[in-house]
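Enquirer: Dropping the structure in here first, questions after.
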Protein chains: 4
Amino acid sequence: MRIGLIGAGRIARMHAQNLLELRHSSLGQVFDPSADRAQELAERGGARIAGDVSEIIAGTGCDAIVIASPTETHIPLMLAAAKVGKPVYCEKPLAKTLDQAQRAVDELERLGARVMIGFNRRFDEGHALLRGKVGVGEIGRLQTLQITTRGPNGVPTLAYLVGSGGLFRDKCIHYLDLARWIAGEEPVAVAAMGSVLADEVFNEASDFDTGIVSLRFASGALCQIDVGRRAVYGYDDRIEAFGTKGLAKSGRVRRDSLTTLVPGAVTQSRFPQDSTERYRQSWMSAMAAFEGFAMGLNTDVPTLRDGLAAQRLAEAATISAMEGRLVRLEEVGG
Amino acid sequence: MRIGLIGAGRIARMHAQNLLELRHSSLGQVFDPSADRAQELAERGGARIAGDVSEIIAGTGCDAIVIASPTETHIPLMLAAAKVGKPVYCEKPLAKTLDQAQRAVDELERLGARVMIGFNRRFDEGHALLRGKVGVGEIGRLQTLQITTRGPNGVPTLAYLVGSGGLFRDKCIHYLDLARWIAGEEPVAVAAMGSVLADEVFNEASDFDTGIVSLRFASGALCQIDVGRRAVYGYDDRIEAFGTKGLAKSGRVRRDSLTTLVPGAVTQSRFPQDSTERYRQSWMSAMAAFEGFAMGLNTDVPTLRDGLAAQRLAEAATISAMEGRLVRLEEVGG
Amino acid sequence: MRIGLIGAGRIARMHAQNLLELRHSSLGQVFDPSADRAQELAERGGARIAGDVSEIIAGTGCDAIVIASPTETHIPLMLAAAKVGKPVYCEKPLAKTLDQAQRAVDELERLGARVMIGFNRRFDEGHALLRGKVGVGEIGRLQTLQITTRGPNGVPTLAYLVGSGGLFRDKCIHYLDLARWIAGEEPVAVAAMGSVLADEVFNEASDFDTGIVSLRFASGALCQIDVGRRAVYGYDDRIEAFGTKGLAKSGRVRRDSLTTLVPGAVTQSRFPQDSTERYRQSWMSAMAAFEGFAMGLNTDVPTLRDGLAAQRLAEAATISAMEGRLVRLEEVGG
Amino acid sequence: MRIGLIGAGRIARMHAQNLLELRHSSLGQVFDPSADRAQELAERGGARIAGDVSEIIAGTGCDAIVIASPTETHIPLMLAAAKVGKPVYCEKPLAKTLDQAQRAVDELERLGARVMIGFNRRFDEGHALLRGKVGVGEIGRLQTLQITTRGPNGVPTLAYLVGSGGLFRDKCIHYLDLARWIAGEEPVAVAAMGSVLADEVFNEASDFDTGIVSLRFASGALCQIDVGRRAVYGYDDRIEAFGTKGLAKSGRVRRDSLTTLVPGAVTQSRFPQDSTERYRQSWMSAMAAFEGFAMGLNTDVPTLRDGLAAQRLAEAATISAMEGRLVRLEEVGG
């Protein structure tokens with residue numbers, strides 16, 4: 001299978017590298033408005049440069065498409081791919097606004113679009129094992145789901161922040177997706193709070209660097225998400241599911257297994273420094289899942305509806321934090 | 001110093017045992033409406049039985065008083081002790097209602113009452129070390145405080161629940177106190193959610209068995225509390241303080257240091273089964289702190305104002321969970 | 001039960017403090033050649049000073065005796081106590097030489113002496129749980145037992161070292177006892193090595209500060225002991241029993257449960273600094289076991305034969321390390 | 001660079017897969033006496049089958065050679081490669097006997113052979129970090145090195161065992177290499193013990209399934225190795241270096257970061273099941289190091305002299321265990 005890659009930024013480069021390790025796929029074509037970036041990526045991946053996106057989408061050089069271009073291009077590209085029947089892997093979020101996302105999903109479904117949304121965290125071994133434990137009832141009835149995500153070790157640029165949609169729509173959306181995926185049901189209410197405590201740039205961007213989210217699910221199960229946009233010690237994600245029969249935890253991941261003991265301290269290995277390092281395995285597994293999905297072998301991937309549901313939660317959390325009130329999901333979109 | 005103990009229930013018996021190990025104190029007198037219970041406790045502690053509480057408070061047999069009787073007796077007893085100038089250790093909460101508590105604290109302060117409130121969790125070594133780290137700025141500016149408390153392994157009786165004031169006023173109040181004690185500032189908003197998921201008795205008592213609380217502090221620092229009224233695996237408390245320079249954690253406490261590795265599992269030691277086992281050291285240290293407080297050597301103990309502040313937070317959390325909305329602290333009491 | 005304490009040094013003071021917490025016992029009399037030390041200890045423990053040891057042994061003021069005086073006094077004191085039928089708790093080792101120990105044990109047994117040897121490590125919760133797991137076959141057939149003991153954080157004086165009998169006879173003897181106690185059988189061969197690497201004082205004392213011991217048991221099970229006389233990070237003991245069905249571990253014990261994460265490091269709580277801190281619980285439990293033993297309620301305590309077997313192993317290890325050869329147990333004493 | 005692979009067994013297949021991921025190399029040719037096995041491997045790796053080994057060694061199809069054929073072929077193949085100047089990666093051990101190994105190394109050095117010995121454990125991240133800590137003096141002067149290796153979860157065939165040279169020459173040789181590599185010096189004495197406790201097949205093969213080794217280094221530093229040929233819970237390696245300033249540990253490696261807490265147990269993730277899973281990263285890194293070595297960019301690889309030194313230690317350990325005595329290195333070969 002030859003895969004066309006749209007975009008040549010940080011995430012696109014990571015996908016390109018992962019594509020090289022797939023059994024049955026190769027990188028066919030690359031497009032990016034920056035010809036230099038496209039050129040560099042194409043060379044490394046043994047691929048050709050496409051003159052424009054339609055060459056990738058409508059041409060015969062690619063059988064499947066990975067969309068890693070800016071958010072506003074996601075819907076037009078998915079629609080174009082749907083019209084020619086090519087399977088697509090698309091980065092989150094679906095669209096700049098929930099309204100656009102909603103209409104696009106309806107349209108894409110009518111066209112029979114085959115889309116996998118890039119919620120790579122689902123493919124993390126620990127998180128997936130945790131979901132399995134919850135799913136088979138090993139912890140009984142779910143009472144509280146607790147998701148912590150902090151990091152990376154660094155502050156984004158103002159330009160990035162301004163275009164990102166804010167803490168809850170950008171970083172937090174992954175964990176809102178994990179919450180409903182692990183719980184296996186939909187939230188009905190959201191209460192979020194946000195603050196700027198770590199860096200002034202977040203104020204300039206009218207964004208938050210620190211946030212907490214409370215979710216109530218339809219069954220009464222509760223969820224807490226704790227999200228820090230920067231953590232000086234690295235990238236630190238952790239999920240605990242507490243239920244009537246016990247607890248399952250997808251724990252902190254460290255870089256290695258070294259420990260030192262000197263007077264006054266037991267020092268363990270460092271944390272991964274950013275999401276690329278922390279979630280390396282999950283990005284790779286997500287690409288492998290997409291290969292299977294594109295070949296018709298695997299349908300257990302994040303869908304358009306998952307993308308939409310997470311975007312709606314992100315919207316609700318943003319409203320809640322901005323307006324200082326609890327938001328019922330029925331108020332938002334739908 | 002001879003200490004008078006009012007009450008002979010579970011908590012009172014624990015205090016009695018701890019009093020026996022103090023350097024400079026002994027158990028002087030015990031009072032309980034059940035003469036049998038009082039008798040048993042007095043015998044074990046080498047103390048005399050008092051005919052009524054006034055014998056303990058106004059008599060010459062005791063220099064300091066520990067109040068471990070039902071909530072509605074707390075204020076009258078503290079007032080009586082204040083009038084004779086005896087130092088008091090009083091279990092939480094101050095009163096059945098926030099209003100009563102507020103008026104009582106004003107009155108007690110006018111009388112110059114010397115009261116230590118029984119927030120024993122503050123005396124847990126791990127929690128106290130954590131607070132120290134936060135206080136000296138080791139983690140930088142506090143961003144998120146995350147408090148988890150689950151357990152014990154068992155369900156309270158309906159009778160207990162009905163009299164308890166509910167999840168947030170009963171168990172959770174300890175952790176609301178810890179939150180403001182560790183953060184070193186006051187919350188300004190509370191969003192709480194509660195559910196019944198673990199046992200039907202909580203529905204009968206119009207109470208919750210599972211709760212989550214979000215707090216915003218004046219500085220913008222955020223706090224999450226996750227409280228489970230029952231945990232089949234034991235009593236599991238944990239606090240994490242995340243800040244701009246790092247993270248400090250007062251971790252899960254296990255019973256021992258045994259691990260077994262058999263096919264498919266690495267099994268570590270069990271958890272303490274209830275708060276008595278989990279917080280044994282902290283109860284002992286709290287009694288020792290009271291001895292110092294009563295002798296005028298130590299003033300760093302939970303005060304009447306701390307008891308009142310925690311009760312106000314518990315009230316706000318209860319309203320928030322009941323009414324499904326965010327509550328600003330200024331709405332409550334004050 | 002009134003207990004007589006012979007000795008007022010570091011270990012004796014610890015025993016005195018623990019005796020105060022026993023249910024059915026009190027400290028009756030104290031003797032030490034230094035009247036000042038004896039006086040101080042007696043005062044603290046509410047006991048009387050004895051003019052000489054015979055007052056404690058033969059007099060009516062004490063029902064049981066704790067011997068914490070220098071090694072050369074152990075046998076005469078135990079013999080004297082045996083003659084009056086008083087139960088004895090005696091610190092290790094039995095005697096300065098294996099030969100003396102051997103003859104004394106024969107004599108003491110003939111006299112029907114009731115002696116508990118002060119192998120307090122057996123009463124450590126973790127170690128005792130580990131032994132239980134091995135005993136009931138939870139790890140299958142024992143293959144390898146691995147014992148690590150390092151610390152304290154400090155160097156003994158030359159005077160102490162010269163009188164101690166050396167690394168294997170002094171500190172290591174506790175772990176040689178644990179080895180045979182956990183394995184439930186006797187070693188048949190010993191290969192030990194020793195070095196001076198940490199401090200020159202060990203060379204001056206013709207002793208080692210670092211040692212390793214290999215044991216072969218009769219069944220073929222193997223054991224490694226790794227003993228460090230000083231560890232700058234604290235007191236660090238750990239035991240692993242590996243068998244055909246799995247592994248059980250009595251792990252490192254830390255002082256508290258605090259962890260901090262700052263850039264580059266995950267720092268956990270400190271280690272106990274010396275054996276007194278590390279084994280506080282085990283010393284207390286040993287005293288409680290002695291109370292039960294003296295009252296005839298408990299016979300599961302380290303016996304004279306255990307003391308002798310451990311001393312023989314220590315002798316074999318010393319010979320092995322000194323002569324640079326494997327030593328068969330049958331060569332030594334017996 | 002095109003790499004020729006001699007052998008198509010389990011280890012060869014792993015190397016082939018790792019070679020595919022190297023930046024600058026491809027699999028050129030494969031040879032194995034079993035044409036089927038060679039065919040399968042060649043197909044997967046996009047390589048050609050060689051008619052015989054000389055085609056790989058002397059032909060123009062390969063620039064470097066990986067030797068993963070039976071031990072007795074190692075020396076002839078390395079000699080042939082040395083004569084044509086091709087760099088070689090050769091699996092341990094060098095030869096069936098120490099004598100052969102010694103003569104071969106002399107000869108190979110005279111020929112200027114460029115050989116990297118397959119001590120892949122050196123390339124494990126944790127072990128390499130540990131060595132770095134020791135090397136820069138972070139733990140002060142090394143006192144005790146403790147190496148544990150247990151597993152895999154399974155029993156080798158009698159045929160394998162009979163040809164393996166026994167526990168110390170086969171599995172243990174990796175850890176003898178690690179010991180001298182981490183300590184940075186040579187052992188002068190060895191005391192080893194071996195037993196059959198896990199499976200009768202080891203008796204049939206006149207081999208051990210359980211072994212312990214004590215090493216004394218020239219400086220007086222001591223080392224313990226604990227080796228279990230089978231561990232039902234998986235593959236469990238761990239190294240601790242204890243010194244005058246502290247301790248560094250390359251800890252147990254688990255498969256994932258999942259933990260579950262149910263009544264009575266905290267269960268953590270499983271162990272890797274065999275060395276292929278446990279040391280996946282190190283095998284990959286070793287191949288990458290070989291690529292650098294073959295290209296003349298990297299000389300920090302295990303040398304022929306390292307291979308010889310480890311074999312000598314394995315010989316000494318075997319003699320020690322067989323004859324029940326301490327062996328001085330000077331007695332063995334040299």
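Identifiers in this document derive from the order of the structure tokens: chains are assigned A, B, ..., residues are numbered from 1 separately in each chain, and ligands are numbered from 1 in order of occurrence.
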Near chain A, meaning an atom within 7 Å, which residues of chain D appear when counting only C-alpha atoms? Write them as a list in words.
Expert: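 Close enough to count are Glu125, Gly126, Leu130, Lys245, Gly246, Leu247, Ala248, Lys249, Ser250, Gly251, Val253, Asp256, Ser257, Leu258, Thr259, Thr260, Leu261 and Val262 of chain D.
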Enquirer: Taking 6 positions as the minimum chain separation for residues in the same chain, which residues sit within 12 Å of Arg229 (chain A) when counting only C-alpha atoms? Answer as number ranges by chain.
Expert: A: 148-156, 161, 166-168, 170-172, 194-199, 201-202, 207-212, 235-237, 274-275; B: 143-144, 242-244
Enquirer: Go ahead and write the residues just picked, N, CA, C and O atoms, as a short mmCIF file (atom, residue, chain, number, x, y, z; two decimals), in the first residue's frame.
Expert:
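So the final result, stored in part-v7.cif, reads:
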data_model
loop_
_atom_site.label_atom_id
_atom_site.label_comp_id
_atom_site.auth_asym_id
_atom_site.auth_seq_id
_atom_site.Cartn_x
_atom_site.Cartn_y
_atom_site.Cartn_z
N THR A 148 -4.31 12.13 34.58
CA THR A 148 -3.35 13.21 34.76
C THR A 148 -2.50 13.32 33.51
O THR A 148 -2.01 12.31 33.01
N THR A 149 -2.32 14.52 33.01
CA THR A 149 -1.38 14.72 31.89
C THR A 149 -0.65 16.03 32.10
O THR A 149 -1.27 17.09 32.20
N ARG A 150 0.66 15.93 32.19
CA ARG A 150 1.47 17.13 32.42
C ARG A 150 2.69 17.09 31.51
O ARG A 150 3.28 16.05 31.33
N GLY A 151 3.02 18.25 30.97
CA GLY A 151 4.19 18.33 30.13
C GLY A 151 3.82 18.91 28.79
O GLY A 151 2.65 19.27 28.59
N PRO A 152 4.73 19.10 27.87
CA PRO A 152 6.14 18.70 27.95
C PRO A 152 6.94 19.71 28.77
O PRO A 152 6.39 20.64 29.32
N ASN A 153 8.25 19.47 28.77
CA ASN A 153 9.19 20.35 29.41
C ASN A 153 9.52 21.50 28.46
O ASN A 153 10.54 21.47 27.78
N GLY A 154 8.64 22.47 28.39
CA GLY A 154 8.89 23.61 27.49
C GLY A 154 7.59 24.36 27.28
O GLY A 154 6.51 23.85 27.55
N VAL A 155 7.69 25.58 26.82
CA VAL A 155 6.52 26.43 26.63
C VAL A 155 6.30 26.64 25.13
O VAL A 155 7.25 26.92 24.41
N PRO A 156 5.07 26.49 24.66
CA PRO A 156 4.80 26.69 23.24
C PRO A 156 4.97 28.17 22.86
O PRO A 156 4.94 29.05 23.73
N LEU A 161 0.05 28.88 20.25
CA LEU A 161 -1.07 28.94 21.20
C LEU A 161 -2.29 29.62 20.59
O LEU A 161 -3.41 29.14 20.73
N GLY A 166 -6.82 26.65 22.33
CA GLY A 166 -6.80 26.69 23.79
C GLY A 166 -6.59 25.32 24.41
O GLY A 166 -6.77 24.28 23.76
N LEU A 167 -6.25 25.36 25.70
CA LEU A 167 -5.86 24.17 26.45
C LEU A 167 -6.82 22.99 26.27
O LEU A 167 -6.41 21.86 26.03
N PHE A 168 -8.13 23.26 26.39
CA PHE A 168 -9.08 22.14 26.41
C PHE A 168 -9.33 21.59 25.00
O PHE A 168 -9.54 20.39 24.83
N ASP A 170 -7.09 21.77 22.53
CA ASP A 170 -5.85 21.30 21.92
C ASP A 170 -5.33 20.06 22.67
O ASP A 170 -5.66 18.94 22.33
N LYS A 171 -4.59 20.28 23.74
CA LYS A 171 -4.01 19.13 24.44
C LYS A 171 -5.06 18.25 25.10
O LYS A 171 -5.02 17.02 25.03
N CYS A 172 -6.00 18.88 25.79
CA CYS A 172 -6.92 18.12 26.65
C CYS A 172 -7.84 17.20 25.84
O CYS A 172 -8.35 16.20 26.36
N GLY A 194 -9.60 26.78 34.73
CA GLY A 194 -8.29 26.99 34.12
C GLY A 194 -7.60 28.19 34.74
O GLY A 194 -8.26 29.11 35.22
N SER A 195 -6.27 28.15 34.72
CA SER A 195 -5.48 29.24 35.29
C SER A 195 -4.21 29.44 34.49
O SER A 195 -3.79 28.54 33.76
N VAL A 196 -3.64 30.60 34.64
CA VAL A 196 -2.29 30.84 34.11
C VAL A 196 -1.36 30.99 35.29
O VAL A 196 -1.47 31.94 36.07
N LEU A 197 -0.49 30.02 35.45
CA LEU A 197 0.41 30.00 36.60
C LEU A 197 1.85 29.75 36.22
O LEU A 197 2.77 30.05 36.96
N ALA A 198 2.05 29.17 35.03
CA ALA A 198 3.39 28.72 34.68
C ALA A 198 4.14 29.69 33.79
O ALA A 198 5.36 29.80 33.89
N ASP A 199 3.44 30.40 32.91
CA ASP A 199 4.16 31.28 31.98
C ASP A 199 3.21 32.35 31.44
O ASP A 199 2.06 32.07 31.08
N VAL A 201 3.09 33.83 28.69
CA VAL A 201 2.66 33.71 27.29
C VAL A 201 1.23 33.18 27.18
O VAL A 201 0.51 33.50 26.24
N PHE A 202 0.81 32.39 28.16
CA PHE A 202 -0.55 31.86 28.12
C PHE A 202 -1.56 32.98 28.33
O PHE A 202 -2.65 32.95 27.78
N ASP A 207 -5.12 32.05 26.92
CA ASP A 207 -5.24 30.60 27.12
C ASP A 207 -4.91 30.28 28.58
O ASP A 207 -4.62 31.17 29.37
N PHE A 208 -5.00 29.00 28.93
CA PHE A 208 -4.62 28.53 30.26
C PHE A 208 -3.39 27.63 30.15
O PHE A 208 -3.23 26.94 29.14
N ASP A 209 -2.57 27.60 31.21
CA ASP A 209 -1.51 26.58 31.22
C ASP A 209 -1.82 25.46 32.20
O ASP A 209 -1.16 24.43 32.21
N THR A 210 -2.81 25.66 33.03
CA THR A 210 -3.17 24.69 34.06
C THR A 210 -4.68 24.53 34.05
O THR A 210 -5.40 25.52 34.09
N GLY A 211 -5.15 23.30 34.01
CA GLY A 211 -6.58 23.10 33.98
C GLY A 211 -7.00 21.86 34.72
O GLY A 211 -6.22 20.91 34.89
N ILE A 212 -8.23 21.88 35.21
CA ILE A 212 -8.82 20.67 35.77
C ILE A 212 -10.24 20.54 35.21
O ILE A 212 -10.92 21.53 34.97
N TYR A 235 7.34 14.68 30.60
CA TYR A 235 5.97 14.39 30.16
C TYR A 235 5.43 13.28 31.03
O TYR A 235 5.95 12.17 31.05
N ASP A 236 4.34 13.58 31.72
CA ASP A 236 3.91 12.71 32.80
C ASP A 236 2.41 12.44 32.68
O ASP A 236 1.59 13.26 33.08
N ASP A 237 2.07 11.32 32.11
CA ASP A 237 0.67 10.93 31.97
C ASP A 237 0.39 9.71 32.83
O ASP A 237 1.26 8.83 32.99
N ASP A 274 8.96 14.86 26.18
CA ASP A 274 7.80 15.40 25.48
C ASP A 274 6.91 14.27 25.00
O ASP A 274 7.22 13.10 25.21
N SER A 275 5.80 14.63 24.36
CA SER A 275 4.84 13.59 23.98
C SER A 275 5.42 12.66 22.91
O SER A 275 5.08 11.49 22.86
N GLN B 143 0.56 24.80 41.13
CA GLN B 143 -0.41 24.83 40.04
C GLN B 143 -1.62 23.95 40.35
O GLN B 143 -2.75 24.38 40.28
N THR B 144 -1.34 22.67 40.64
CA THR B 144 -2.44 21.74 40.87
C THR B 144 -2.14 20.87 42.08
O THR B 144 -1.05 20.30 42.19
N PHE B 242 1.68 19.73 42.33
CA PHE B 242 2.40 19.98 41.08
C PHE B 242 2.61 21.48 40.93
O PHE B 242 1.67 22.27 41.10
N GLY B 243 3.83 21.88 40.64
CA GLY B 243 4.12 23.31 40.52
C GLY B 243 5.09 23.62 39.41
O GLY B 243 5.51 22.73 38.65
N THR B 244 5.45 24.87 39.33
CA THR B 244 6.27 25.32 38.21
C THR B 244 7.70 24.78 38.25
O THR B 244 8.39 24.79 37.24
#
Enquirer: Mind checking which residues fall within 8 Å of Phe31 (chain A), counting only C-alpha atoms, ignoring those fewer than 5 positions away in the same chain, and posting them as a list of chain:residue names?
Expert: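 Final neighbour list, sorted by chain and number: A:Leu5, A:Ile6, A:Gly7, A:Ala8, A:Ala38, A:Ile49, A:Ala50, A:Gly51, A:Asp52, A:Val53, A:Ile56.
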Enquirer: Just want the 8 Å neighbourhood of Thr71 (chain D), counted on only C-alpha atoms, with same-chain residues fewer than 2 positions away dropped. Output as an mmCIF file with all heavy atoms, in the first residue's frame.
Expert:
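The result, written out as around.cif:
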data_model
loop_
_atom_site.group_PDB
_atom_site.id
_atom_site.type_symbol
_atom_site.label_atom_id
_atom_site.label_comp_id
_atom_site.auth_asym_id
_atom_site.auth_seq_id
_atom_site.Cartn_x
_atom_site.Cartn_y
_atom_site.Cartn_z
ATOM 1 N N SER D 69 26.468 -18.734 13.711
ATOM 2 C CA SER D 69 26.471 -20.181 13.485
ATOM 3 C C SER D 69 27.035 -20.869 14.722
ATOM 4 O O SER D 69 27.451 -20.198 15.673
ATOM 5 C CB SER D 69 27.324 -20.462 12.245
ATOM 6 O OG SER D 69 28.552 -19.759 12.324
ATOM 7 N N THR D 73 32.325 -23.183 14.617
ATOM 8 C CA THR D 73 32.626 -22.493 13.350
ATOM 9 C C THR D 73 33.176 -21.087 13.568
ATOM 10 O O THR D 73 33.671 -20.462 12.627
ATOM 11 C CB THR D 73 31.338 -22.352 12.495
ATOM 12 O OG1 THR D 73 30.448 -21.432 13.150
ATOM 13 C CG2 THR D 73 30.633 -23.679 12.310
ATOM 14 N N HIS D 74 33.078 -20.578 14.785
ATOM 15 C CA HIS D 74 33.435 -19.167 15.015
ATOM 16 C C HIS D 74 34.864 -18.852 14.592
ATOM 17 O O HIS D 74 35.122 -17.887 13.860
ATOM 18 C CB HIS D 74 33.226 -18.790 16.477
ATOM 19 C CG HIS D 74 31.778 -18.728 16.890
ATOM 20 N ND1 HIS D 74 31.370 -18.441 18.173
ATOM 21 C CD2 HIS D 74 30.637 -18.943 16.182
ATOM 22 C CE1 HIS D 74 30.043 -18.466 18.238
ATOM 23 N NE2 HIS D 74 29.586 -18.785 17.041
ATOM 24 N N LYS D 92 29.104 -14.964 21.074
ATOM 25 C CA LYS D 92 29.912 -15.639 22.088
ATOM 26 C C LYS D 92 29.525 -17.099 22.101
ATOM 27 O O LYS D 92 28.389 -17.408 21.716
ATOM 28 C CB LYS D 92 29.738 -14.985 23.451
ATOM 29 C CG LYS D 92 28.282 -14.945 23.975
ATOM 30 C CD LYS D 92 27.856 -16.194 24.668
ATOM 31 C CE LYS D 92 26.366 -16.348 24.795
ATOM 32 N NZ LYS D 92 25.932 -17.702 25.126
ATOM 33 N N PRO D 93 30.344 -18.047 22.623
ATOM 34 C CA PRO D 93 31.734 -17.816 23.000
ATOM 35 C C PRO D 93 32.641 -17.941 21.778
ATOM 36 O O PRO D 93 32.187 -18.384 20.724
ATOM 37 C CB PRO D 93 32.001 -18.956 23.981
ATOM 38 C CG PRO D 93 31.162 -20.078 23.471
ATOM 39 C CD PRO D 93 29.947 -19.453 22.845
ATOM 40 N N LEU D 94 33.901 -17.582 21.992
ATOM 41 C CA LEU D 94 34.854 -17.642 20.875
ATOM 42 C C LEU D 94 35.042 -19.063 20.365
ATOM 43 O O LEU D 94 35.118 -19.300 19.167
ATOM 44 C CB LEU D 94 36.217 -17.103 21.345
ATOM 45 C CG LEU D 94 36.245 -15.609 21.670
ATOM 46 C CD1 LEU D 94 37.583 -15.254 22.322
ATOM 47 C CD2 LEU D 94 36.045 -14.815 20.393
ATOM 48 N N ALA D 95 35.142 -20.008 21.318
ATOM 49 C CA ALA D 95 35.473 -21.385 20.931
ATOM 50 C C ALA D 95 34.950 -22.346 21.976
ATOM 51 O O ALA D 95 34.515 -21.934 23.054
ATOM 52 C CB ALA D 95 36.991 -21.522 20.797
ATOM 53 N N LYS D 96 34.996 -23.608 21.635
ATOM 54 C CA LYS D 96 34.542 -24.640 22.572
ATOM 55 C C LYS D 96 35.423 -24.684 23.817
ATOM 56 O O LYS D 96 34.944 -24.899 24.926
ATOM 57 C CB LYS D 96 34.564 -26.022 21.887
ATOM 58 C CG LYS D 96 33.358 -26.282 20.995
ATOM 59 C CD LYS D 96 32.126 -26.598 21.839
ATOM 60 C CE LYS D 96 30.929 -26.959 20.974
ATOM 61 N NZ LYS D 96 29.703 -27.112 21.754
#
Enquirer: Could you write out, as a PyMOL selection string, all the residues of region 5-238 of chain B that DSSP marks as strand (DSSP E or B)?
Expert: chain B and resi 5-6+26-31+48-49+64-67+88-90+115-117+142-150+187-195+210-217+222-228+236-238
Enquirer: Would you list the contacts of Leu329 (chain B) as an NGL selection string, taking every protein, DNA or RNA residue within 7 Å and counting only C-alpha atoms, but skipping same-chain residues closer than 2 positions in sequence?
Expert: :B and (188-189 or 316 or 327 or 331-332)
Enquirer: Under the rule that only C-alpha atoms are counted, which of A:Thr60, A:Gln100, A:Ser54, A:Ser34 is the nearest residue to Leu308 (chain A)?
Expert: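 For Leu308 (chain A), the nearest of the given residues is A:Gln100.
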Enquirer: Compile the contact shell of region 63-68 of chain A as JSON, numbers by chain: residues with an atom at most 8 Å away, counting only C-alpha atoms, same-chain residues fewer than 2 positions apart removed.
Expert: {"A": [1, 2, 3, 4, 5, 6, 7, 8, 9, 11, 12, 56, 57, 60, 61, 70, 74, 77, 81, 86, 87, 88, 89, 90, 91, 294]}
